[in-house]
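Notes follow the structure.
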Amino acid sequence: MMRSIVGLAWSPVVSSGGVHYTIFLLHTGKLFQFVHWRGDFDLAPHFGITLVSPTPNPSTLVYWRAPSAGYAKINIDGCVRDGFASAWSVIRDHTGCCIRAFSAGYGDIFILEAELKAIL
């Protein structure tokens with residue numbers, strides 16, 4: 001007996017036995033060899049892709065240097081993450097004492113705009 005499914009004729013043997021058996025074989029790993037990988041570097045060779053691990057940049061020590069006596073120094077920064085921008089600035093004298101500080105959130109703006117707002 002033939003049944004029509006989406007315009008195709010299927011016999012009960014194929015629809016009930018063959019397909020189920022094929023699914024069983026796929027499930028038990030008899031038709032495909034399972035490949036386990038830890039990430040892209042393990043998976044890429046299976047697709048003929050060669051990935052090169054990036055070389056990490058060396059660390060740079062960053063520290064604050066005091067200005068000459070009688071001068072002040074301003075440090076600024078701006079950042080954007082997940083569509084929210086913020087900026088800050090701090091002015092210090094030659095002894096490192098804070099003269100004035102500022103921080104603000106701006107919502108969804110570009111990073112350059114956040115950096116400029118920190119200066120202003």
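So you can find residues: chains in the structure tokens are A, B, ... in the order shown, residues in each start at 1, and ligands are numbered from 1 in order.
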
For stretch 84-93 of chain A, please output as a PDB file with C-alpha atoms, in the first residue's frame all residues within 12 Å (counting only C-alpha atoms; exclusion window: fewer than 2 positions along the same chain).
ATOM      1  CA  TRP A  64      50.579  58.197  36.290  1.00  0.00           C
ATOM      2  CA  ARG A  65      53.430  60.700  36.227  1.00  0.00           C
ATOM      3  CA  ALA A  66      53.029  63.892  38.189  1.00  0.00           C
ATOM      4  CA  PRO A  67      53.330  67.199  36.313  1.00  0.00           C
ATOM      5  CA  SER A  68      55.926  69.783  37.284  1.00  0.00           C
ATOM      6  CA  ALA A  69      55.217  71.908  40.384  1.00  0.00           C
ATOM      7  CA  GLY A  70      52.641  74.609  39.654  1.00  0.00           C
ATOM      8  CA  TYR A  71      51.005  72.581  36.848  1.00  0.00           C
ATOM      9  CA  ALA A  72      47.999  70.262  36.735  1.00  0.00           C
ATOM     10  CA  LYS A  73      47.361  67.188  34.627  1.00  0.00           C
ATOM     11  CA  ILE A  74      44.040  66.003  33.212  1.00  0.00           C
ATOM     12  CA  ASN A  75      43.308  62.357  32.459  1.00  0.00           C
ATOM     13  CA  ILE A  76      40.266  61.455  30.368  1.00  0.00           C
ATOM     14  CA  ASP A  77      38.590  58.319  29.112  1.00  0.00           C
ATOM     15  CA  GLY A  78      35.414  57.296  27.366  1.00  0.00           C
ATOM     16  CA  CYS A  79      33.935  53.875  26.729  1.00  0.00           C
ATOM     17  CA  VAL A  80      30.971  52.222  25.030  1.00  0.00           C
ATOM     18  CA  ARG A  81      29.575  48.816  25.945  1.00  0.00           C
ATOM     19  CA  ASP A  82      26.285  47.199  24.956  1.00  0.00           C
ATOM     20  CA  THR A  95      51.263  66.205  44.327  1.00  0.00           C
ATOM     21  CA  GLY A  96      48.566  63.912  42.906  1.00  0.00           C
ATOM     22  CA  CYS A  97      45.709  65.579  44.801  1.00  0.00           C
ATOM     23  CA  CYS A  98      42.423  65.660  42.905  1.00  0.00           C
ATOM     24  CA  ILE A  99      41.406  69.200  41.939  1.00  0.00           C
ATOM     25  CA  ARG A 100      38.273  68.247  40.006  1.00  0.00           C
ATOM     26  CA  ALA A 101      36.673  65.031  38.716  1.00  0.00           C
ATOM     27  CA  PHE A 102      33.821  64.343  36.325  1.00  0.00           C
ATOM     28  CA  SER A 103      31.889  61.301  35.109  1.00  0.00           C
ATOM     29  CA  ALA A 104      28.694  60.905  33.095  1.00  0.00           C
ATOM     30  CA  GLY A 105      26.624  58.389  31.159  1.00  0.00           C
ATOM     31  CA  TYR A 106      25.456  59.264  27.659  1.00  0.00           C
ATOM     32  CA  GLY A 107      23.423  56.384  26.297  1.00  0.00           C
ATOM     33  CA  ASP A 108      23.948  55.220  22.724  1.00  0.00           C
ATOM     34  CA  ILE A 109      26.733  57.330  21.147  1.00  0.00           C
ATOM     35  CA  PHE A 110      29.975  56.539  19.331  1.00  0.00           C
ATOM     36  CA  ILE A 111      33.216  55.985  21.277  1.00  0.00           C
ATOM     37  CA  LEU A 112      34.898  59.058  19.758  1.00  0.00           C
ATOM     38  CA  GLU A 113      31.988  61.220  20.896  1.00  0.00           C
ATOM     39  CA  ALA A 114      32.280  59.797  24.432  1.00  0.00           C
ATOM     40  CA  GLU A 115      36.026  60.576  24.474  1.00  0.00           C
ATOM     41  CA  LEU A 116      35.366  64.141  23.276  1.00  0.00           C
ATOM     42  CA  LYS A 117      32.665  64.676  25.916  1.00  0.00           C
ATOM     43  CA  ALA A 118      35.206  63.687  28.587  1.00  0.00           C
ATOM     44  CA  ILE A 119      37.486  66.509  27.384  1.00  0.00           C
ATOM     45  CA  LEU A 120      34.702  69.093  27.386  1.00  0.00           C
TER      46      LEU A 120
END

Exercise for review: Write out as an NGL selection string all residues of stretch 82-118 of chain A that DSSP puts in strand (DSSP E or B) for this structure's backbone.
Suggested key: :A and (84-93 or 98-107)

Kindly save the residues from that selection, with C-alpha atoms included, as a PDB file, in the first residue's frame.
ATOM      1  CA  PHE A  84      25.736  52.558  26.605  1.00  0.00           C
ATOM      2  CA  ALA A  85      28.484  55.193  26.597  1.00  0.00           C
ATOM      3  CA  SER A  86      30.164  56.873  29.536  1.00  0.00           C
ATOM      4  CA  ALA A  87      33.088  59.236  30.042  1.00  0.00           C
ATOM      5  CA  TRP A  88      35.197  60.538  32.894  1.00  0.00           C
ATOM      6  CA  SER A  89      37.999  62.972  33.547  1.00  0.00           C
ATOM      7  CA  VAL A  90      40.107  63.876  36.560  1.00  0.00           C
ATOM      8  CA  ILE A  91      42.404  66.860  37.121  1.00  0.00           C
ATOM      9  CA  ARG A  92      45.304  66.432  39.593  1.00  0.00           C
ATOM     10  CA  ASP A  93      47.987  68.783  40.797  1.00  0.00           C
ATOM     11  CA  CYS A  98      42.423  65.660  42.905  1.00  0.00           C
ATOM     12  CA  ILE A  99      41.406  69.200  41.939  1.00  0.00           C
ATOM     13  CA  ARG A 100      38.273  68.247  40.006  1.00  0.00           C
ATOM     14  CA  ALA A 101      36.673  65.031  38.716  1.00  0.00           C
ATOM     15  CA  PHE A 102      33.821  64.343  36.325  1.00  0.00           C
ATOM     16  CA  SER A 103      31.889  61.301  35.109  1.00  0.00           C
ATOM     17  CA  ALA A 104      28.694  60.905  33.095  1.00  0.00           C
ATOM     18  CA  GLY A 105      26.624  58.389  31.159  1.00  0.00           C
ATOM     19  CA  TYR A 106      25.456  59.264  27.659  1.00  0.00           C
ATOM     20  CA  GLY A 107      23.423  56.384  26.297  1.00  0.00           C
TER      21      GLY A 107
END

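The gap separating atom CA of A:Gly39 from atom CA of A:Ser53 is 12.2 Å, in Å to one decimal.
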